[in-house]
Structure formats: C-alpha cells, structure tokens
file work35.txt (compact mmCIF, C-alpha atoms)
# COMPACT_ATOMS: atom_id res chain seq x y z
CA PRO A 126 -76.47 66.03 -21.37
CA ASP A 127 -73.18 65.69 -19.61
CA PRO A 128 -70.84 68.52 -20.65
CA GLY A 129 -67.89 66.20 -20.25
CA TYR A 130 -69.42 63.87 -22.79
CA ARG A 131 -69.78 66.71 -25.27
CA ASP A 132 -66.17 67.78 -24.87
CA LEU A 133 -65.01 64.18 -25.23
CA SER A 134 -67.09 63.72 -28.37
CA ARG A 135 -65.76 66.97 -29.82
CA ARG A 136 -62.12 65.98 -29.13
CA LEU A 137 -62.62 62.54 -30.64
CA ALA A 138 -64.29 63.92 -33.75
CA ALA A 139 -61.56 66.56 -34.18
CA GLU A 140 -58.81 63.94 -33.80
CA VAL A 141 -60.49 61.59 -36.31
CA GLU A 142 -60.95 64.42 -38.81
CA SER A 143 -57.30 65.48 -38.46
CA ARG A 144 -56.06 61.92 -39.01
CA LEU A 145 -58.27 61.53 -42.07
CA ARG A 146 -57.07 64.80 -43.56
CA GLN A 147 -53.44 63.80 -42.86
CA ALA A 148 -54.18 60.56 -44.72
CA HIS A 149 -55.33 62.72 -47.66
CA VAL A 150 -58.95 61.61 -47.38
CA GLU A 151 -61.39 64.02 -49.04
CA LEU A 152 -63.96 65.23 -46.52
CA GLU A 153 -66.67 67.86 -46.75
CA GLU A 154 -66.59 70.98 -44.71
CA LYS A 155 -67.79 70.35 -41.16
CA PRO A 156 -68.48 66.64 -41.52
CA TRP A 157 -69.61 66.44 -37.91
CA GLN A 158 -71.52 68.52 -35.37
CA VAL A 159 -72.32 68.24 -31.69
CA GLY A 160 -75.89 68.88 -30.68
CA GLN A 161 -77.50 69.35 -27.30
CA SER A 162 -77.85 65.65 -26.65
CA LYS A 163 -76.56 63.92 -29.78
CA PHE A 164 -73.50 63.79 -31.99
CA PHE A 165 -74.12 64.13 -35.74
CA MET A 166 -71.76 62.96 -38.50
CA LYS A 167 -72.12 62.87 -42.21
CA GLU A 168 -72.27 59.50 -43.94
CA GLU A 169 -68.75 59.64 -45.32
CA MET A 170 -67.37 60.70 -41.96
CA GLU A 171 -69.30 57.97 -40.20
CA ARG A 172 -68.00 55.31 -42.59
CA HIS A 173 -64.42 56.40 -42.06
CA PHE A 174 -65.04 56.59 -38.30
CA GLU A 175 -66.38 53.03 -38.20
CA ARG A 176 -63.43 51.85 -40.27
CA LEU A 177 -61.05 53.51 -37.88
CA LEU A 178 -62.97 52.07 -34.94
CA VAL A 179 -62.70 48.58 -36.41
CA GLU A 180 -59.02 49.06 -37.11
CA SER A 181 -58.46 50.36 -33.61
CA ALA A 182 -60.31 47.39 -32.12
CA LYS A 183 -58.34 45.09 -34.36
CA ASN A 184 -55.09 46.71 -33.27
CA HIS A 185 -56.09 46.37 -29.64
CA VAL A 186 -57.00 42.72 -30.16
CA ILE A 187 -53.68 42.13 -31.93
CA MET A 188 -51.91 43.94 -29.07
CA LEU A 189 -53.67 41.73 -26.53
CA GLN A 190 -52.83 38.64 -28.52
CA LYS A 191 -49.24 39.78 -28.87
CA ARG A 192 -48.98 40.48 -25.17
CA TRP A 193 -50.55 37.13 -24.31
CA ARG A 194 -48.36 35.24 -26.76
CA GLY A 195 -45.35 37.14 -25.51
CA TYR A 196 -46.26 36.23 -21.93
CA VAL A 197 -46.72 32.55 -22.87
CA GLN A 198 -43.50 32.51 -24.88
CA ARG A 199 -41.59 34.29 -22.12
CA LYS A 200 -42.96 31.81 -19.60
CA ALA A 201 -41.99 28.88 -21.83
CA PHE A 202 -38.62 30.49 -22.50
CA ARG A 203 -38.01 30.95 -18.77
CA ALA A 204 -38.97 27.31 -18.15
CA ILE A 205 -36.69 26.13 -20.98
CA ARG A 206 -33.92 28.44 -19.78
CA ASN A 207 -34.27 27.17 -16.21
CA SER A 208 -34.20 23.57 -17.47
CA ALA A 209 -31.20 24.35 -19.63
CA LEU A 210 -29.49 26.01 -16.68
CA GLU A 211 -30.22 22.97 -14.51
CA VAL A 212 -28.88 20.64 -17.20
CA GLN A 213 -25.82 22.84 -17.64
CA ALA A 214 -25.31 22.94 -13.89
CA ALA A 215 -25.62 19.15 -13.72
CA MET A 216 -23.20 18.71 -16.61
CA ARG A 217 -20.76 21.20 -15.12
CA THR A 218 -21.07 19.43 -11.78
CA CYS A 219 -20.35 16.07 -13.46
CA LEU A 220 -17.39 17.53 -15.33
CA ALA A 221 -16.10 19.21 -12.17
CA THR A 222 -16.54 15.95 -10.23
CA ALA A 223 -14.68 13.98 -12.91
CA ALA A 224 -11.92 16.61 -13.00
CA TYR A 225 -11.68 16.54 -9.20
CA ARG A 226 -11.48 12.74 -9.15
CA GLU A 227 -8.80 12.78 -11.84
CA ALA A 228 -6.85 15.45 -9.95
CA LYS A 229 -7.23 13.47 -6.73
CA ARG A 230 -6.05 10.28 -8.48
CA GLN A 231 -3.04 12.10 -9.88
CA LEU A 232 -2.33 13.60 -6.45
CA ASN A 233 -2.55 10.16 -4.79
CA ALA A 234 -0.27 8.70 -7.47
CA ALA A 235 2.22 11.52 -6.96
CA LEU A 236 2.09 11.05 -3.18
CA ALA A 237 2.58 7.28 -3.60
CA LEU A 238 5.61 7.86 -5.85
CA GLN A 239 7.05 10.41 -3.44
CA SER A 240 6.56 8.10 -0.47
CA THR A 241 8.12 5.21 -2.41
CA PHE A 242 11.15 7.27 -3.40
CA ARG A 243 11.55 8.64 0.12
CA THR A 244 11.22 5.15 1.58
CA ALA A 245 13.79 3.78 -0.85
CA LEU A 246 16.19 6.61 -0.05
CA ALA A 247 15.70 6.23 3.70
CA ARG A 248 16.12 2.44 3.41
CA HIS A 249 19.32 2.88 1.40
CA VAL A 250 20.70 5.27 4.01
CA TYR A 251 19.61 2.93 6.82
CA LEU A 252 21.25 -0.10 5.18
CA ARG A 253 24.48 1.80 4.63
CA ARG A 254 24.54 2.97 8.25
CA ARG A 255 23.64 -0.53 9.45
CA SER A 256 26.43 -2.08 7.37
CA ALA A 257 28.88 0.52 8.68
CA ALA A 258 27.78 -0.09 12.28
CA ILE A 259 28.10 -3.87 11.84
CA CYS A 260 31.57 -3.42 10.33
CA VAL A 261 32.64 -1.18 13.21
CA GLN A 262 31.22 -3.64 15.75
CA ARG A 263 33.01 -6.53 14.03
CA HIS A 264 36.33 -4.70 14.07
CA VAL A 265 35.88 -3.61 17.70
CA ARG A 266 34.92 -7.14 18.79
CA GLY A 267 37.85 -8.58 16.86
CA TRP A 268 40.21 -6.07 18.44
CA ARG A 269 38.86 -6.85 21.92
CA CYS A 270 39.16 -10.59 21.31
CA ARG A 271 42.68 -10.20 19.99
CA SER A 272 43.57 -8.02 22.97
CA ARG A 273 42.10 -10.55 25.38
CA LEU A 274 43.86 -13.39 23.61
CA GLY A 275 47.10 -11.44 23.72
CA ARG A 276 46.75 -10.98 27.47
CA LEU A 277 45.88 -14.64 27.97
CA LYS A 278 48.46 -15.91 25.52
CA GLY A 279 51.36 -15.93 28.01
CA LYS A 280 49.29 -17.59 30.70
CA LEU A 281 47.73 -20.16 28.41
CA ALA A 282 50.96 -21.01 26.63
CA ALA A 283 52.50 -22.63 29.73
CA ASP A 284 49.26 -24.49 30.49
CA ARG A 285 49.06 -25.73 26.93
CA VAL A 286 52.70 -26.86 26.96
CA ARG A 287 52.15 -28.63 30.27
CA LYS A 288 48.99 -30.30 28.99
CA LEU A 289 50.76 -31.38 25.83
CA ARG A 290 53.60 -32.87 27.84
CA GLU A 291 51.16 -34.67 30.13
CA GLU A 292 49.28 -35.99 27.12
CA GLU A 293 52.53 -37.19 25.56
CA GLU A 294 53.55 -38.89 28.83
CA ARG A 295 50.12 -40.52 29.16
CA ALA A 296 50.30 -41.65 25.57
CA ALA A 297 53.78 -43.12 26.15
CA GLU A 298 52.62 -44.91 29.30
CA LEU A 299 49.53 -46.13 27.50
CA GLU A 300 51.59 -47.49 24.62
CA LYS A 301 54.03 -49.11 27.07
CA ALA A 302 51.20 -50.72 29.05
CA ARG A 303 49.61 -51.91 25.79
CA LEU A 304 52.88 -53.50 24.70
CA GLN A 305 53.37 -55.15 28.11
CA ALA A 306 49.84 -56.47 28.07
CA LYS A 307 50.35 -57.89 24.58
CA GLU A 308 53.64 -59.48 25.68
CA LYS A 309 52.03 -61.04 28.77
CA GLU A 310 49.10 -62.21 26.70
CA ARG A 311 51.43 -63.78 24.20
CA GLU A 312 53.43 -65.56 26.98
CA LEU A 313 50.20 -66.82 28.55
CA GLU A 314 48.96 -68.06 25.22
CA GLU A 315 52.31 -69.85 24.62
CA MET A 316 52.14 -71.57 28.02
CA ARG A 317 48.53 -72.62 27.40
CA ARG A 318 49.48 -74.02 24.02
CA GLN A 319 52.42 -75.95 25.47
CA PHE A 320 50.19 -77.34 28.21
CA GLU A 321 47.58 -78.47 25.71
CA ASP A 322 50.26 -80.10 23.54
CA ALA A 323 51.61 -81.98 26.55
CA GLN A 324 48.15 -83.26 27.42
CA LYS A 325 47.53 -84.44 23.88
CA ALA A 326 50.88 -86.18 23.50
CA GLY A 327 50.57 -88.19 26.77
CA THR A 328 54.22 -89.13 26.48
CA SER A 329 54.67 -90.12 30.14
CA LEU A 330 52.37 -91.61 32.76
CA THR A 331 54.89 -91.19 35.57
CA PRO A 332 54.45 -88.37 38.01
CA GLU A 333 57.70 -86.77 36.80
CA PRO A 334 56.09 -84.51 34.17
CA GLU A 335 53.44 -83.38 36.65
CA VAL A 336 56.07 -81.48 38.60
CA PRO A 337 56.56 -78.82 35.98
CA LEU A 338 52.81 -78.60 35.53
CA ALA A 339 52.37 -78.05 39.26
CA GLU A 340 55.18 -75.57 39.17
CA ASP A 341 53.71 -73.79 36.15
CA ALA A 342 50.24 -73.36 37.72
CA PRO A 343 51.25 -70.55 40.13
CA LEU A 344 53.21 -68.92 37.34
CA ALA A 345 50.17 -68.91 35.06
CA LYS A 346 48.06 -67.48 37.86
CA GLU A 347 50.64 -64.76 38.44
CA LEU A 348 50.74 -63.99 34.76
CA ARG A 349 46.96 -63.72 34.65
CA GLU A 350 46.93 -61.34 37.63
CA GLU A 351 49.71 -59.24 36.07
CA ASN A 352 47.79 -59.14 32.81
CA ALA A 353 44.61 -58.02 34.64
CA ARG A 354 46.55 -55.24 36.42
CA LEU A 355 48.01 -54.09 33.13
CA LEU A 356 44.53 -54.05 31.54
CA GLU A 357 43.19 -51.95 34.41
CA LYS A 358 46.07 -49.48 33.99
CA LEU A 359 45.40 -49.42 30.28
CA GLN A 360 41.72 -48.65 30.81
CA ALA A 361 42.51 -45.92 33.35
CA ALA A 362 45.02 -44.33 30.99
CA GLU A 363 42.48 -44.43 28.14
CA ALA A 364 39.84 -42.79 30.39
CA ILE A 365 42.29 -40.01 31.34
CA ALA A 366 43.20 -39.46 27.69
CA ALA A 367 39.52 -39.26 26.78
CA GLU A 368 38.92 -36.58 29.44

call {"tool": "encode", "arguments": {"input": "work35.txt", "output": "structure tokens"}}
result
Amino acid sequence: PDPGYRDLSRRLAAEVESRLRQAHVELEEKPWQVGQSKFFMKEEMERHFERLLVESAKNHVIMLQKRWRGYVQRKAFRAIRNSALEVQAAMRTCLATAAYREAKRQLNAALALQSTFRTALARHVYLRRRSAAICVQRHVRGWRCRSRLGRLKGKLAADRVRKLREEEERAAELEKARLQAKEKERELEEMRRQFEDAQKAGTSLTPEPEVPLAEDAPLAKELREENARLLEKLQAAEAIAAE
C-alpha cells in the first residue's frame, strides 16, 4: 500500500477522534487502527465518521449553493446598480439640462433688460444732444440772418422807399387816367344820347341842324381816340403795378 495513503488515513482518523472527544462523545479506547492495506474502525467510530462525512458534504453543498447564490445575487445587484446608475445619470442629465436652460433663459432676459436700459439711456442722451445741437444751429442761423439783414438794411431801405414812391406815383397816375377815361366815356355817352334824341325828335327837316351834327362827328371821333389812348395807358399802368 501507498505509505502516503496510510499517513493520510491516520491523520484523518486522529482529527475525527479529537473532534468527537471535544464534542464530549464517548468513544472506546483505540476506536480505529491502520493495517497493512486497510483501515479498521469500530462500529461506533464508523457511525460518527459517516455522520461527520455527511455533515461535511452537506456543509460543502451549502457552501457551493451559497457561493452560487451569492454570485447570482451579486450579478443581479450589479445589473440593478448599473441600471439605477444609468437612470440616475439620465435624471441628473435632465435636471442639469433643465437648470441650464433656465439659467440661460434668465441670462438672456437679463441681457435683454440691460440692452433695453442701455439703449434707452443712449437714446435719451442722443435726443438731448440733438435738441441742443438744433437749438444752437437755430440761434446761429438766426444770428447770421439778423447780421445779414442788418448789413442789407441800409441798402434795401432806400430801394424800398424808392419802390414805394414809384408805386404811389403809378397808383396816382392810374387813378388819374381812370378818372379821365370815365370822364371821357361820360362825355361820349352824353353826346350819343343827345344825337339819338335829336334823331327821334325830327324837329327840323332843313339842313340847318345837320351842321352841328357834321361838326360833332370829328369831335366824337377825337373823343373816341382819346378814350382809347387813355385805356391803353390804364392797361399799361395796371401791368406795371402787377409786376
């Protein structure tokens, strides 16, 4: 027989016997013995040995089951933990995105308010400066116009006086010519009326009354010509006054 086998059997039997004695199990003296090729145990020792063997196998089976269940549970736990981490990451990403959008909206609103206020302030300053510039330009232009008018005042005064006098003279001449024309027109109308009355009356058939008529014909013609000349003067004076 293999000497290693004998030593192993002896160590196992000694260990089992020591455990049984520590457990306060009553055993006979030398309950086992190693032969040349076999291992001998008493019945009581063999029964306890089988019980311990079964318990050891049971413990190993329980250990294997525990390890396997632990492995399965750890694998499931890792999967659940990874899923939970992914869900947490997604939720944190959503919350961070919402917070970023809210911060960006607030930033845009603040920038819009700042730009509006700055624009209003700049516009107010611009309008004030523009009003001041327009006022200065108005005063400068007024001063220049007054200065120019002051320089031209002496020169224009004489021209205006002369033009006023000429207009007054033209108006006087126009009024005089109008009165003369009316007077001539009235004389001509009186002569025409007298001539028509003489024709209607027919008081004399002798050639004596024809003499004044013949004498009055050149006078009427002269009056008409004088009236035409006066009308022409009147029209010329009116044209000059209109200019």

call {"tool": "atom_distance", "arguments": {"input": "work35.txt", "atom1": "CA of Ala258 (chain A)", "atom2": "CA of Leu274 (chain A)"}}
result
23.7 Å

call {"tool": "atom_distance", "arguments": {"input": "work35.txt", "atom1": "CA of Arg271 (chain A)", "atom2": "CA of Arg290 (chain A)"}}
result
26.4 Å

call {"tool": "atom_distance", "arguments": {"input": "work35.txt", "atom1": "CA of Ala139 (chain A)", "atom2": "CA of Phe174 (chain A)"}}
result
11.3 Å

call {"tool": "closest_residue", "arguments": {"input": "work35.txt", "among": "A:Ser240, A:Gly267, A:Leu313, A:Gln360", "to": "Glu298 (chain A)", "atoms": "all atoms listed in the file"}}
result
A:Gln360
